[in-house]
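Source file: final39.csv; contents: CSV, C-alpha atoms.
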```
chain,number,residue,atom,x,y,z
H,1,MET,CA,207.9,218.1,-72.5
H,2,SER,CA,210.3,218.5,-75.4
H,3,LYS,CA,213.7,220.1,-75.1
H,4,ARG,CA,212.4,222.9,-77.3
H,5,GLY,CA,209.4,223.4,-74.9
H,6,LYS,CA,211.7,223.7,-71.9
H,7,SER,CA,214.2,226.1,-73.5
H,8,SER,CA,214.2,229.6,-72.1
H,9,PRO,CA,213.1,232.5,-74.4
H,10,LEU,CA,216.1,234.4,-73.0
H,11,THR,CA,218.6,232.1,-74.8
H,12,ALA,CA,216.7,231.0,-77.8
H,13,ASN,CA,219.3,232.3,-80.3
H,14,HIS,CA,222.2,230.3,-78.9
H,15,ASN,CA,223.2,227.4,-81.1
H,16,ASN,CA,226.7,226.5,-79.8
H,17,LEU,CA,229.0,226.9,-76.8
H,18,THR,CA,230.9,229.9,-78.1
H,19,GLN,CA,227.7,231.9,-78.6
H,20,ILE,CA,226.8,231.3,-75.0
H,21,LEU,CA,230.3,232.1,-73.7
H,22,ILE,CA,230.6,235.5,-75.3
H,23,ASP,CA,227.1,236.8,-74.5
H,24,HIS,CA,227.5,239.8,-72.2
H,25,GLY,CA,223.9,239.9,-71.2
H,26,LEU,CA,224.0,236.3,-70.1
H,27,ALA,CA,227.3,237.1,-68.2
H,28,ALA,CA,225.6,239.9,-66.3
H,29,LEU,CA,222.7,237.7,-65.3
H,30,GLY,CA,225.1,234.9,-64.6
H,31,ASP,CA,227.1,237.1,-62.2
H,32,ALA,CA,224.0,237.3,-60.0
H,33,TYR,CA,223.3,233.6,-60.4
H,34,VAL,CA,226.8,232.5,-59.5
H,35,ASN,CA,227.0,234.7,-56.5
H,36,LEU,CA,223.8,233.1,-55.2
H,37,VAL,CA,224.8,229.5,-55.8
H,38,TYR,CA,228.3,230.1,-54.3
H,39,SER,CA,226.8,231.9,-51.2
H,40,LEU,CA,224.3,229.0,-50.8
H,41,ALA,CA,227.1,226.4,-51.1
H,42,LEU,CA,229.1,228.2,-48.4
H,43,SER,CA,226.0,228.6,-46.3
H,44,GLN,CA,225.3,224.9,-46.5
H,45,ARG,CA,228.9,224.0,-45.7
H,46,ASN,CA,229.0,226.4,-42.7
H,47,GLY,CA,225.6,225.4,-41.5
H,48,LYS,CA,224.5,229.1,-41.4
H,49,PRO,CA,223.5,231.6,-44.0
H,50,THR,CA,226.3,233.8,-45.5
H,51,GLY,CA,226.9,235.8,-48.7
H,52,GLU,CA,230.1,236.0,-50.7
H,53,LYS,CA,231.1,237.2,-54.1
H,54,VAL,CA,233.1,234.9,-56.4
H,55,LYS,CA,236.4,236.3,-57.6
H,56,GLY,CA,236.8,236.5,-61.4
H,57,THR,CA,240.2,234.8,-61.2
H,58,ILE,CA,238.7,231.7,-59.6
H,59,LEU,CA,236.1,231.4,-62.4
H,60,ALA,CA,238.8,232.0,-65.1
H,61,GLU,CA,241.0,229.3,-63.7
H,62,ALA,CA,238.0,226.9,-63.4
H,63,LEU,CA,237.1,227.6,-67.0
H,64,ARG,CA,240.6,226.6,-68.1
H,65,LYS,CA,240.6,223.4,-65.9
H,66,ALA,CA,237.3,222.4,-67.5
H,67,THR,CA,239.0,222.7,-71.0
H,68,LEU,CA,236.5,225.3,-72.1
H,69,ARG,CA,239.1,227.9,-73.0
H,70,GLN,CA,239.3,226.5,-76.5
H,71,TYR,CA,235.7,227.7,-77.3
H,72,LEU,CA,236.7,231.3,-76.7
H,73,PRO,CA,238.4,233.8,-79.0
H,74,SER,CA,242.2,233.7,-78.5
H,75,LYS,CA,242.5,237.2,-77.0
H,76,MET,CA,240.5,237.2,-73.8
H,77,ASP,CA,241.7,238.3,-70.4
H,78,SER,CA,240.7,236.8,-67.0
H,79,HIS,CA,237.7,239.1,-66.7
H,80,ALA,CA,236.3,237.9,-70.1
H,81,MET,CA,236.9,234.3,-69.1
H,82,ALA,CA,235.0,234.8,-65.8
H,83,ASP,CA,232.2,236.3,-67.8
H,84,ALA,CA,232.1,233.3,-70.0
H,85,ALA,CA,231.9,230.9,-67.1
H,86,GLU,CA,229.0,232.9,-65.6
H,87,ALA,CA,227.2,233.0,-68.9
H,88,LEU,CA,227.4,229.2,-69.3
H,89,MET,CA,226.4,228.4,-65.7
H,90,VAL,CA,223.2,230.5,-65.9
H,91,TYR,CA,222.4,229.3,-69.5
H,92,VAL,CA,222.0,225.7,-68.3
H,93,TRP,CA,220.0,226.7,-65.3
H,94,LEU,CA,217.7,228.9,-67.4
H,95,ASN,CA,217.1,225.9,-69.7
H,96,GLY,CA,216.4,223.4,-67.0
H,97,GLN,CA,219.5,221.4,-67.6
H,98,ILE,CA,220.7,221.8,-64.0
H,99,THR,CA,219.1,222.7,-60.8
H,100,ILE,CA,220.3,225.1,-58.1
H,101,ALA,CA,220.3,222.2,-55.7
H,102,GLU,CA,222.7,220.1,-57.8
H,103,THR,CA,224.9,223.1,-58.5
H,104,THR,CA,225.3,224.0,-54.9
H,105,GLN,CA,225.9,220.4,-54.0
H,106,ILE,CA,228.8,220.1,-56.4
H,107,LEU,CA,230.4,223.4,-55.1
H,108,GLU,CA,229.8,222.4,-51.4
H,109,LYS,CA,231.6,219.0,-51.8
H,110,ALA,CA,234.7,220.4,-53.6
H,111,GLU,CA,238.0,220.9,-51.8
H,112,ASN,CA,238.3,224.5,-52.9
H,113,PRO,CA,236.3,227.0,-55.0
H,114,ILE,CA,238.5,226.5,-58.2
H,115,GLU,CA,238.0,222.7,-58.1
H,116,GLY,CA,234.3,223.2,-57.3
H,117,PHE,CA,233.6,225.5,-60.3
H,118,ALA,CA,235.9,223.4,-62.5
H,119,GLN,CA,233.9,220.3,-61.6
H,120,LEU,CA,230.6,222.1,-62.2
H,121,LEU,CA,231.7,223.4,-65.6
H,122,LYS,CA,232.8,219.9,-66.6
H,123,THR,CA,229.4,218.6,-65.6
H,124,ILE,CA,227.7,221.4,-67.6
H,125,LYS,CA,230.0,220.9,-70.6
H,126,ALA,CA,229.0,217.2,-70.8
H,127,ARG,CA,225.3,218.0,-70.5
H,128,VAL,CA,224.6,221.3,-72.3
H,129,THR,CA,222.3,221.2,-75.3
H,130,PHE,CA,221.0,223.9,-77.6
H,131,PRO,CA,217.4,224.6,-78.8
B,1,MET,CA,206.0,216.3,-47.0
B,2,SER,CA,205.4,218.1,-43.7
B,3,LYS,CA,206.3,221.7,-43.2
B,4,ARG,CA,209.0,220.6,-40.8
B,5,GLY,CA,210.4,218.2,-43.4
B,6,LYS,CA,210.7,221.0,-45.9
B,7,SER,CA,212.2,223.6,-43.6
B,8,SER,CA,215.8,224.6,-44.3
B,9,PRO,CA,218.5,223.7,-41.7
B,10,LEU,CA,219.9,227.2,-42.4
B,11,THR,CA,216.9,228.9,-40.8
B,12,ALA,CA,215.9,226.3,-38.2
B,13,ASN,CA,216.2,228.7,-35.3
B,14,HIS,CA,213.8,231.3,-36.5
B,15,ASN,CA,210.4,231.4,-34.7
B,16,ASN,CA,209.0,234.7,-35.7
B,17,LEU,CA,209.2,237.5,-38.2
B,18,THR,CA,211.6,239.7,-36.2
B,19,GLN,CA,214.2,237.0,-35.8
B,20,ILE,CA,214.3,236.6,-39.6
B,21,LEU,CA,214.3,240.4,-40.3
B,22,ILE,CA,217.3,241.1,-38.1
B,23,ASP,CA,219.5,238.1,-39.2
B,24,HIS,CA,222.6,239.5,-40.8
B,25,GLY,CA,223.7,236.2,-42.3
B,26,LEU,CA,220.3,235.8,-43.9
B,27,ALA,CA,220.6,239.3,-45.2
B,28,ALA,CA,223.9,238.6,-46.8
B,29,LEU,CA,222.6,235.5,-48.6
B,30,GLY,CA,219.4,237.4,-49.3
B,31,ASP,CA,221.4,240.1,-51.1
B,32,ALA,CA,222.6,237.6,-53.6
B,33,TYR,CA,219.1,236.0,-53.9
B,34,VAL,CA,217.4,239.4,-54.5
B,35,ASN,CA,219.9,240.5,-57.1
B,36,LEU,CA,219.2,237.3,-59.0
B,37,VAL,CA,215.4,237.4,-58.9
B,38,TYR,CA,215.5,241.1,-59.8
B,39,SER,CA,217.9,240.6,-62.7
B,40,LEU,CA,215.7,237.7,-63.9
B,41,ALA,CA,212.5,239.8,-63.7
B,42,LEU,CA,214.2,242.6,-65.8
B,43,SER,CA,215.5,240.0,-68.2
B,44,GLN,CA,212.1,238.5,-68.7
B,45,ARG,CA,210.5,241.9,-69.2
B,46,ASN,CA,213.2,243.0,-71.7
B,47,GLY,CA,213.2,239.7,-73.5
B,48,LYS,CA,217.0,239.5,-73.1
B,49,PRO,CA,219.3,238.6,-70.3
B,50,THR,CA,220.6,241.4,-68.1
B,51,GLY,CA,222.0,241.9,-64.6
B,52,GLU,CA,221.2,244.7,-62.2
B,53,LYS,CA,221.7,245.3,-58.5
B,54,VAL,CA,218.7,246.4,-56.4
B,55,LYS,CA,219.2,249.7,-54.5
B,56,GLY,CA,218.7,249.5,-50.7
B,57,THR,CA,216.4,252.5,-50.7
B,58,ILE,CA,214.0,250.6,-53.0
B,59,LEU,CA,213.9,247.7,-50.6
B,60,ALA,CA,213.5,249.9,-47.6
B,61,GLU,CA,210.5,251.7,-49.1
B,62,ALA,CA,209.0,248.4,-50.2
B,63,LEU,CA,209.3,247.1,-46.6
B,64,ARG,CA,207.4,250.1,-45.3
B,65,LYS,CA,204.7,249.8,-47.9
B,66,ALA,CA,204.3,246.1,-47.0
B,67,THR,CA,203.7,247.2,-43.3
B,68,LEU,CA,206.7,245.2,-42.1
B,69,ARG,CA,208.5,248.1,-40.5
B,70,GLN,CA,206.6,247.4,-37.2
B,71,TYR,CA,208.4,244.1,-36.8
B,72,LEU,CA,211.8,245.9,-36.6
B,73,PRO,CA,213.5,247.7,-33.7
B,74,SER,CA,212.6,251.4,-33.7
B,75,LYS,CA,216.1,252.7,-34.6
B,76,MET,CA,216.9,251.3,-38.0
B,77,ASP,CA,218.2,253.1,-41.0
B,78,SER,CA,217.4,252.4,-44.7
B,79,HIS,CA,220.4,250.0,-45.0
B,80,ALA,CA,219.1,247.9,-42.1
B,81,MET,CA,215.6,247.9,-43.6
B,82,ALA,CA,216.9,246.8,-46.9
B,83,ASP,CA,218.8,244.0,-45.1
B,84,ALA,CA,215.6,243.0,-43.4
B,85,ALA,CA,213.7,242.8,-46.7
B,86,GLU,CA,216.5,240.6,-48.2
B,87,ALA,CA,216.6,238.3,-45.2
B,88,LEU,CA,212.8,237.7,-45.4
B,89,MET,CA,212.7,237.1,-49.2
B,90,VAL,CA,215.4,234.5,-49.0
B,91,TYR,CA,214.0,232.9,-45.9
B,92,VAL,CA,210.7,231.9,-47.7
B,93,TRP,CA,212.6,230.7,-50.7
B,94,LEU,CA,214.9,228.5,-48.6
B,95,ASN,CA,211.9,227.0,-46.9
B,96,GLY,CA,210.0,226.2,-50.0
B,97,GLN,CA,207.3,228.8,-49.3
B,98,ILE,CA,207.8,230.6,-52.6
B,99,THR,CA,209.5,229.7,-55.9
B,100,ILE,CA,211.9,231.9,-58.0
B,101,ALA,CA,209.4,231.6,-60.8
B,102,GLU,CA,206.6,233.1,-58.7
B,103,THR,CA,208.9,235.8,-57.3
B,104,THR,CA,210.1,237.0,-60.7
B,105,GLN,CA,206.6,237.0,-62.0
B,106,ILE,CA,205.4,239.3,-59.3
B,107,LEU,CA,208.4,241.7,-59.9
B,108,GLU,CA,208.0,241.5,-63.7
B,109,LYS,CA,204.3,242.5,-63.6
B,110,ALA,CA,204.7,245.5,-61.3
B,111,GLU,CA,204.7,249.1,-62.5
B,112,ASN,CA,208.0,249.9,-60.8
B,113,PRO,CA,210.5,248.2,-58.6
B,114,ILE,CA,209.2,249.6,-55.3
B,115,GLU,CA,205.6,248.4,-56.1
B,116,GLY,CA,207.0,245.1,-57.2
B,117,PHE,CA,209.0,244.4,-54.0
B,118,ALA,CA,206.1,245.8,-51.9
B,119,GLN,CA,203.7,243.3,-53.6
B,120,LEU,CA,206.2,240.5,-53.1
B,121,LEU,CA,206.7,241.3,-49.4
B,122,LYS,CA,203.0,241.5,-48.8
B,123,THR,CA,202.6,238.1,-50.5
B,124,ILE,CA,205.4,236.7,-48.3
B,125,LYS,CA,204.0,238.3,-45.1
B,126,ALA,CA,200.7,236.5,-45.7
B,127,ARG,CA,202.3,233.2,-46.4
B,128,VAL,CA,205.4,232.9,-44.2
B,129,THR,CA,205.4,230.1,-41.5
B,130,PHE,CA,208.0,229.0,-39.0
B,131,PRO,CA,209.4,225.6,-38.2
```
Structure re-expressed in structure tokens:
Amino acid sequence: MSKRGKSSPLTANHNNLTQILIDHGLAALGDAYVNLVYSLALSQRNGKPTGEKVKGTILAEALRKATLRQYLPSKMDSHAMADAAEALMVYVWLNGQITIAETTQILEKAENPIEGFAQLLKTIKARVTFP
Amino acid sequence: MSKRGKSSPLTANHNNLTQILIDHGLAALGDAYVNLVYSLALSQRNGKPTGEKVKGTILAEALRKATLRQYLPSKMDSHAMADAAEALMVYVWLNGQITIAETTQILEKAENPIEGFAQLLKTIKARVTFP
């Protein structure tokens, strides 16, 4: 199947990283996605199911560590940076460029949540493609 | 792969429906799962990404419509019934008995959220197996 064939109709209009990172709709969907993969990673680490929301400050710091801050407009607060991280993480999943299994494995192995999300965002940055 | 081979270590101790439905940890993980699949179904229907939380009253009513209420202790409020629905929905996904794609398709096609979740829970009830 071609890359075009696999791309999600929900993200067909995105041609570069910045367009993904500032998409509020993707961020809203990404919020739900990130809470699931984070809860799943914690569940796997603890050996029992659990649910936990990810703090925005963690995602914002991870975005900086993954050197993705440069793709965003200069005036953005922590909340907007967390949104950007969520949008990008769900974008690659929607487009079949990463699986939930790989995502949770990266988060589960990390020493702490900031390192986990930074590692995940670095992996995504190196892999993301556009329609 | 055998059913045993596919079963999730997170749910290895569940031998019947009631044990799943009253598992608070599964409900917590299920809350994140259900918010994702519901947001994804809405996104697909709208043709653009969006995020929305599912109200507990919707899940409680869907659980009743799917005739799953009988597997729960007699004294349970709406909140506990919503938890039960969330626990069951994530259980079957964790154990490879349903995919996110099939789940969102059922929700997307339904006339309204209650019908969508009721249909989904009926499908799950007919399909769920234990380790």
At a cut-off of 12 Å, list the chain B residues touching chain H, using all atoms listed in the file, as an MDAnalysis selection string. chainID B and resid 8:14 20 23:54 86:87 90:91 93:94 99:101
Give the answer as one residue: which of B:Asn112, B:Thr18, B:Asn95, B:Thr103 has the shortest atom-to-atom distance to Leu68 in chain B, using only C-alpha atoms?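 Of B:Asn112, B:Thr18, B:Asn95, B:Thr103, the one nearest Leu68 in chain B is B:Thr18, counting only C-alpha atoms.
Taking CA of Arg127 in chain B and CA of Gly56 in chain B as the two end points, the separation is 23.5 Å.
Taking CA of Glu102 in chain B and CA of Ala126 in chain B as the two end points, the separation is 14.7 Å.
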Looking at all atoms listed in the file, which of H:Glu108, H:Phe130, H:Gly96, H:Ala118 is the one that sits closest to Ala82 in chain H?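 Of H:Glu108, H:Phe130, H:Gly96, H:Ala118, the one nearest Ala82 in chain H is H:Ala118, counting all atoms listed in the file.
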Set the distance at 10 Å and use only C-alpha atoms: which residues neighbour Asn16 in chain B once local chain neighbours fewer than 6 positions away are removed? I'd like the list as a list in words. Tyr71, Val128, Thr129, Phe130 and Pro131 of chain B
Report, in Å to a single decimal, how far apart CA of Ile22 in chain B and CA of Ala84 in chain B are. 5.9 Å
